[in-house]
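Colleague: One structure coming up, written as structure tokens, with questions to follow.
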Amino acid sequence: MEDEELAKSLLVAQQPGNIQISNGFGSNDTGASASGVTAVLLLSAFVTACSAFAGGFVAGYSAPAESGIIDDLGLSVAEGAWLLDLGRLSLGFGYGLTCYVAPTYLSEITPKNLRGGITSVSMAMIPVSVSVAYLIGSVINWRALALIGAIPCLLLLFGLFFIPESPRWLAKIGREKEFEAALQCLRGKNVNISEEAADIKDYTENIQKIPEDKILDLFQQKYAHLLIVGIGLMVLQQFGGLNGYAYYMNEIFELAGVQSITGFIVVSIPQIPAIALGSILIEKFGRRTLLMVSVTGECLGCFLTGLSFVLQNLNWWMDATPTLMLSGIVVFEVSYSLGIGSIPWIIISEIFPINIKGSAGSICNAVNWFCTWLVSFTFNFLVEWSPAGTFFIYGSMSCLGVLFIAKLVPETKGRTLEEVQESLTHILQ
């Protein structure tokens, strides 16, 4: 009962003088709406974007580099596949952490009028970097591509020394002077932060009275919907077949009789406008609608790719098969860039209450990492069984994903944290 009363005190009405908690990280937006873009905020967003870019570059690196690694090191196809899978397994965990930590940090430092746009642009760096890796990797060798991939990592490491710590985190651990200095730095020297700072302190004091739930505590009925949505989005993001396309693009091109360089260029170029379009539409039409459009496009892309292999096996329309296959891959990659690549991480950052955010984020990251490995590990076996069947399976998963989004995933656009949590956790019942 005491926890419920404390929770009720946090779910305050949005009236003047009350605390407004409007993002998934204990962020208070009162007083922040007047804040604009500052140099420190832009630098912080740039550094965060570097982390997302580095994470996406990992996914895009192995496809153009795989054949070069196998040839230069004198490995068999099986040995090369094992070595690359080992690398993907280790790098995938860091990629998952990047996808969760980047939007978390941005949402904690960004005022509400900029939060959606900045977070979506930053996370859009993941598919951007995949496209860049495809394009550059089609014209340079794998060693040079690896060195280029290290550049955003170095920028991230260097930039971390110049960006402030999250004010919310500083307030949570009681470092009051550093908290106010970080908030003032982010909002600008001439901005009055007293109201926002006071509200953050009030929020922090109240939230610390609620015990932080452990991982096992997540499996309570009140958190069931949240956990299903979070884990479901992670499974959908990976089981749609992204890493099958990303890691084995060379093999797909060879099976369809398309030159790798031509294929990489054709696939990469359309992703850039798709990413920009997704960043614009996310605040106009909402996360849920854009997700459904994106996953539907993935389903169509997998169907076209699978159909191209069916026609190839039947020796029908052989001249049109490469074009059909390329069209399927382009549709898939553009659809992924439009929404499913970044929106699941944004939704997860918004739906979990602060007292379970750490534990829930760890579970979602672990699920994403495992699914990434599972798709990359099983792809070769599935293709040996049936290339067409492989992509029809991925398309079926995306088709089921549309139903999952329509039935279970909430729309968080334009809703406060209080409204989202009340509707999903039923904490006031």
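The way I read the labels, and the way they are meant: chains A, B, ... in the order of the structure tokens, residue 1 as the first residue of every chain, and ligand 1 as the first ligand shown, with later ones counted on from there.
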Any chance you could tabulate, as a Markdown table, the residues of segment 98-147 of chain A at most 10 Å from segment 336-358 of chain A with each one's nearest atom pair and distance in Å to one decimal, using only C-alpha atoms, in chain and rising number order?

Modeller:
| residue | atom | partner | partner_atom | distance |
| --- | --- | --- | --- | --- |
| A:Cys99 | CA | A:Trp345 | CA | 6.5 |
| A:Tyr100 | CA | A:Trp345 | CA | 6.3 |
| A:Val101 | CA | A:Ser349 | CA | 9.2 |
| A:Ala102 | CA | A:Trp345 | CA | 9.3 |
| A:Pro103 | CA | A:Ile346 | CA | 6.6 |
| A:Thr104 | CA | A:Ser349 | CA | 6.3 |
| A:Tyr105 | CA | A:Ser349 | CA | 10.0 |
| A:Ser107 | CA | A:Ser349 | CA | 8.3 |
| A:Gly116 | CA | A:Ile346 | CA | 8.9 |
| A:Thr119 | CA | A:Ile346 | CA | 7.7 |
| A:Ser120 | CA | A:Ser342 | CA | 7.0 |
| A:Val121 | CA | A:Ser342 | CA | 9.2 |
| A:Ser122 | CA | A:Ser342 | CA | 9.1 |
| A:Met123 | CA | A:Ser342 | CA | 5.5 |
| A:Ala124 | CA | A:Ser342 | CA | 6.3 |
| A:Met125 | CA | A:Ser342 | CA | 9.1 |
| A:Ile126 | CA | A:Gly341 | CA | 7.6 |
| A:Pro127 | CA | A:Ser337 | CA | 5.7 |
| A:Val128 | CA | A:Ser337 | CA | 8.1 |
| A:Val130 | CA | A:Ser337 | CA | 9.9 |
| A:Ser131 | CA | A:Ser337 | CA | 9.9 |

Colleague: Using only C-alpha atoms, which of A:Ala198, A:Leu277, A:Ala406, A:Ile282 sits nearest Thr296 of chain A?

Modeller: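 Using only C-alpha atoms, the shortest distance to Thr296 of chain A belongs to A:Ala406.
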
Colleague: Taking the DSSP secondary structure from the backbone, can you list the residues of segment 192-246 of chain A that are helix (DSSP H, G or I), as JSON, numbers by chain?

Modeller: {"A": [194, 195, 196, 197, 198, 199, 200, 201, 202, 203, 204, 205, 206, 207, 216, 217, 218, 221, 222, 223, 224, 225, 226, 227, 228, 229, 230, 231, 232, 233, 234, 235, 236, 237, 238, 239, 242, 243, 244, 245, 246]}

Colleague: Suppose you want the space between atom CA of Ile405 of chain A and atom CA of Leu291 of chain A; what is it in Å?

Modeller: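 Taking atom CA of Ile405 of chain A and atom CA of Leu291 of chain A, their separation equals 7.6 Å.
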
Colleague: Using only C-alpha atoms, which of A:Leu155, A:Cys364, A:Val310, A:Ile252 sits nearest Phe264 of chain A?

Modeller: A:Ile252

Colleague: Closest to Phe161 of chain A among A:Val409, A:Leu43, A:Leu382, A:Cys302, using only C-alpha atoms?

Modeller: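 With only C-alpha atoms as the atom set, the closest residue is A:Leu43.
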
Colleague: Need the shell around Gln238 of chain A: protein/DNA/RNA residues with any atom at most 12 Å away, counting only C-alpha atoms. Skip same-chain ones fewer than 3 positions apart. Format as a PyMOL selection string?

Modeller: chain A and resi 59+92+96+231-235+241-246+295+298+336+340-341+344+365+367-376+394-395+397-398+401

Colleague: To one decimal place in Å, what is the distance between atom CA of Asn190 of chain A and atom CA of Ala45 of chain A?

Modeller: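 Here the two named atoms are 20.8 Å from each other.
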
Colleague: At a cut-off of 10 Å, using only C-alpha atoms, what residues contact Arg143 of chain A? Leave out same-chain residues fewer than 4 positions from it and give the result as a ChimeraX atom specification.

Modeller: /A:65,68-69,137,147-149

Colleague: Out of A:Phe285, A:Phe253, A:Trp142, A:Phe239, which residue has the shortest atom-to-atom distance to Thr321 of chain A when counting only C-alpha atoms?

Modeller: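 Checking each of A:Phe285, A:Phe253, A:Trp142, A:Phe239 against Thr321 of chain A, counting only C-alpha atoms, the winner is A:Phe253.
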
Colleague: Identify, on the basis of only C-alpha atoms, every residue whose closest approach to Val258 of chain A does not exceed 12 Å; exclude the query and any residue fewer than 4 positions from it along the same chain; express the result as a PyMOL selection string.

Modeller: chain A and resi 249-254+262-267+319-326

Colleague: Would you put the residues from that selection into a file with all heavy atoms, as a short mmCIF file (atom, residue, chain, number, x, y, z; two decimals), in the first residue's frame?

Modeller:
data_model
loop_
_atom_site.label_atom_id
_atom_site.label_comp_id
_atom_site.auth_asym_id
_atom_site.auth_seq_id
_atom_site.Cartn_x
_atom_site.Cartn_y
_atom_site.Cartn_z
N MET A 249 25.30 -10.43 -47.15
CA MET A 249 24.87 -9.77 -48.37
C MET A 249 25.64 -10.30 -49.59
O MET A 249 25.08 -10.48 -50.68
CB MET A 249 25.06 -8.26 -48.24
CG MET A 249 24.32 -7.46 -49.29
SD MET A 249 22.55 -7.40 -48.99
CE MET A 249 22.47 -6.18 -47.68
N ASN A 250 26.94 -10.56 -49.42
CA ASN A 250 27.73 -11.10 -50.53
C ASN A 250 27.16 -12.41 -51.04
O ASN A 250 27.04 -12.62 -52.25
CB ASN A 250 29.18 -11.31 -50.07
CG ASN A 250 30.07 -10.14 -50.44
OD1 ASN A 250 29.85 -9.47 -51.45
ND2 ASN A 250 31.07 -9.87 -49.63
N GLU A 251 26.83 -13.32 -50.11
CA GLU A 251 26.30 -14.62 -50.49
C GLU A 251 24.96 -14.48 -51.22
O GLU A 251 24.68 -15.20 -52.18
CB GLU A 251 26.13 -15.51 -49.26
CG GLU A 251 27.42 -16.07 -48.71
CD GLU A 251 28.13 -15.10 -47.79
OE1 GLU A 251 27.77 -13.90 -47.79
OE2 GLU A 251 29.05 -15.52 -47.07
N ILE A 252 24.14 -13.54 -50.75
CA ILE A 252 22.83 -13.32 -51.38
C ILE A 252 23.03 -12.83 -52.81
O ILE A 252 22.37 -13.30 -53.75
CB ILE A 252 21.99 -12.32 -50.58
CG1 ILE A 252 21.70 -12.87 -49.17
CG2 ILE A 252 20.68 -12.01 -51.29
CD1 ILE A 252 21.04 -11.88 -48.25
N PHE A 253 23.96 -11.91 -53.00
CA PHE A 253 24.23 -11.39 -54.34
C PHE A 253 24.75 -12.52 -55.25
O PHE A 253 24.36 -12.62 -56.42
CB PHE A 253 25.25 -10.26 -54.29
CG PHE A 253 24.73 -8.99 -53.67
CD1 PHE A 253 25.57 -8.14 -52.97
CD2 PHE A 253 23.40 -8.65 -53.78
CE1 PHE A 253 25.09 -6.97 -52.40
CE2 PHE A 253 22.90 -7.48 -53.22
CZ PHE A 253 23.76 -6.64 -52.53
N GLU A 254 25.62 -13.36 -54.73
CA GLU A 254 26.17 -14.44 -55.54
C GLU A 254 25.08 -15.43 -55.94
O GLU A 254 25.04 -15.91 -57.08
CB GLU A 254 27.28 -15.16 -54.76
CG GLU A 254 28.54 -14.34 -54.61
CD GLU A 254 29.57 -15.03 -53.72
OE1 GLU A 254 29.32 -16.19 -53.33
OE2 GLU A 254 30.61 -14.41 -53.42
N THR A 262 27.89 -3.55 -57.46
CA THR A 262 26.62 -2.99 -57.94
C THR A 262 25.54 -3.15 -56.88
O THR A 262 24.77 -2.22 -56.61
CB THR A 262 26.18 -3.70 -59.23
OG1 THR A 262 27.21 -3.55 -60.22
CG2 THR A 262 24.88 -3.11 -59.75
N GLY A 263 25.47 -4.33 -56.28
CA GLY A 263 24.45 -4.59 -55.28
C GLY A 263 24.57 -3.69 -54.07
O GLY A 263 23.56 -3.12 -53.61
N PHE A 264 25.78 -3.53 -53.55
CA PHE A 264 25.98 -2.69 -52.37
C PHE A 264 25.59 -1.23 -52.64
O PHE A 264 24.98 -0.58 -51.79
CB PHE A 264 27.43 -2.76 -51.89
CG PHE A 264 27.77 -4.01 -51.14
CD1 PHE A 264 28.83 -4.80 -51.53
CD2 PHE A 264 27.02 -4.40 -50.05
CE1 PHE A 264 29.15 -5.96 -50.85
CE2 PHE A 264 27.32 -5.55 -49.35
CZ PHE A 264 28.39 -6.34 -49.76
N ILE A 265 25.94 -0.73 -53.80
CA ILE A 265 25.62 0.66 -54.13
C ILE A 265 24.11 0.85 -54.27
O ILE A 265 23.54 1.81 -53.72
CB ILE A 265 26.34 1.08 -55.43
CG1 ILE A 265 27.86 1.12 -55.19
CG2 ILE A 265 25.84 2.44 -55.91
CD1 ILE A 265 28.68 1.39 -56.44
N VAL A 266 23.47 -0.05 -55.00
CA VAL A 266 22.03 0.06 -55.20
C VAL A 266 21.27 -0.04 -53.89
O VAL A 266 20.27 0.67 -53.66
CB VAL A 266 21.54 -1.04 -56.18
CG1 VAL A 266 20.03 -1.09 -56.24
CG2 VAL A 266 22.11 -0.79 -57.57
N VAL A 267 21.73 -0.91 -52.98
CA VAL A 267 21.04 -1.11 -51.70
C VAL A 267 21.27 0.07 -50.75
O VAL A 267 20.36 0.46 -50.00
CB VAL A 267 21.50 -2.43 -51.05
CG1 VAL A 267 21.04 -2.52 -49.60
CG2 VAL A 267 20.98 -3.61 -51.84
N ASP A 319 16.09 -13.38 -66.65
CA ASP A 319 16.65 -12.03 -66.85
C ASP A 319 16.15 -11.05 -65.80
O ASP A 319 16.84 -10.07 -65.45
CB ASP A 319 16.28 -11.52 -68.25
CG ASP A 319 16.97 -12.30 -69.36
OD1 ASP A 319 18.01 -12.92 -69.05
OD2 ASP A 319 16.47 -12.29 -70.49
N ALA A 320 14.93 -11.29 -65.28
CA ALA A 320 14.34 -10.37 -64.31
C ALA A 320 14.67 -10.74 -62.86
O ALA A 320 14.43 -9.94 -61.96
CB ALA A 320 12.83 -10.32 -64.49
N THR A 321 15.23 -11.93 -62.65
CA THR A 321 15.46 -12.40 -61.28
C THR A 321 16.41 -11.49 -60.49
O THR A 321 16.10 -11.13 -59.34
CB THR A 321 16.00 -13.84 -61.30
OG1 THR A 321 15.02 -14.70 -61.87
CG2 THR A 321 16.32 -14.31 -59.89
N PRO A 322 17.58 -11.08 -61.03
CA PRO A 322 18.45 -10.19 -60.26
C PRO A 322 17.78 -8.87 -59.89
O PRO A 322 17.96 -8.37 -58.77
CB PRO A 322 19.64 -9.96 -61.20
CG PRO A 322 19.65 -11.15 -62.10
CD PRO A 322 18.21 -11.48 -62.31
N THR A 323 17.02 -8.31 -60.82
CA THR A 323 16.33 -7.04 -60.53
C THR A 323 15.29 -7.22 -59.44
O THR A 323 15.16 -6.38 -58.53
CB THR A 323 15.64 -6.52 -61.80
OG1 THR A 323 16.61 -6.34 -62.83
CG2 THR A 323 14.93 -5.20 -61.52
N LEU A 324 14.57 -8.33 -59.47
CA LEU A 324 13.57 -8.60 -58.45
C LEU A 324 14.23 -8.79 -57.09
O LEU A 324 13.72 -8.29 -56.07
CB LEU A 324 12.77 -9.85 -58.83
CG LEU A 324 11.62 -10.24 -57.89
CD1 LEU A 324 10.57 -9.13 -57.85
CD2 LEU A 324 10.99 -11.56 -58.34
N MET A 325 15.36 -9.50 -57.08
CA MET A 325 16.07 -9.71 -55.82
C MET A 325 16.59 -8.39 -55.24
O MET A 325 16.43 -8.13 -54.04
CB MET A 325 17.23 -10.68 -56.04
CG MET A 325 17.98 -11.10 -54.77
SD MET A 325 19.24 -9.92 -54.23
CE MET A 325 20.28 -9.84 -55.67
N LEU A 326 17.19 -7.56 -56.09
CA LEU A 326 17.67 -6.26 -55.63
C LEU A 326 16.52 -5.40 -55.12
O LEU A 326 16.65 -4.70 -54.11
CB LEU A 326 18.40 -5.53 -56.77
CG LEU A 326 19.88 -5.84 -56.95
CD1 LEU A 326 20.43 -5.07 -58.15
CD2 LEU A 326 20.67 -5.51 -55.70
#

Colleague: Compile the contact shell of Ala388 of chain A as a count of residues only: residues with an atom at most 6 Å away, counting only C-alpha atoms, same-chain residues fewer than 2 positions apart removed.

Modeller: 6

Colleague: Can you tell me, as a list in words, what residues are no more than 9 Å from Pro164 of chain A when counting only C-alpha atoms, ignoring any on the same chain fewer than 5 positions away?

Modeller: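 Residues near the query, excluding close chain neighbours: Val40, Ser44, Ala182, Leu183, Cys185 and Leu186 of chain A.
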
Colleague: If you measure from atom CA of Leu170 of chain A to atom CA of Ala49 of chain A, what distance in Å do you get, rounded to one decimal?

Modeller: 22.4 Å

Colleague: When you count only C-alpha atoms, which of these residues is closest to Pro111 of chain A: A:Val37, A:Met318, A:Cys299, A:Ile136?

Modeller: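 Among the listed residues, A:Val37 lies closest to Pro111 of chain A.
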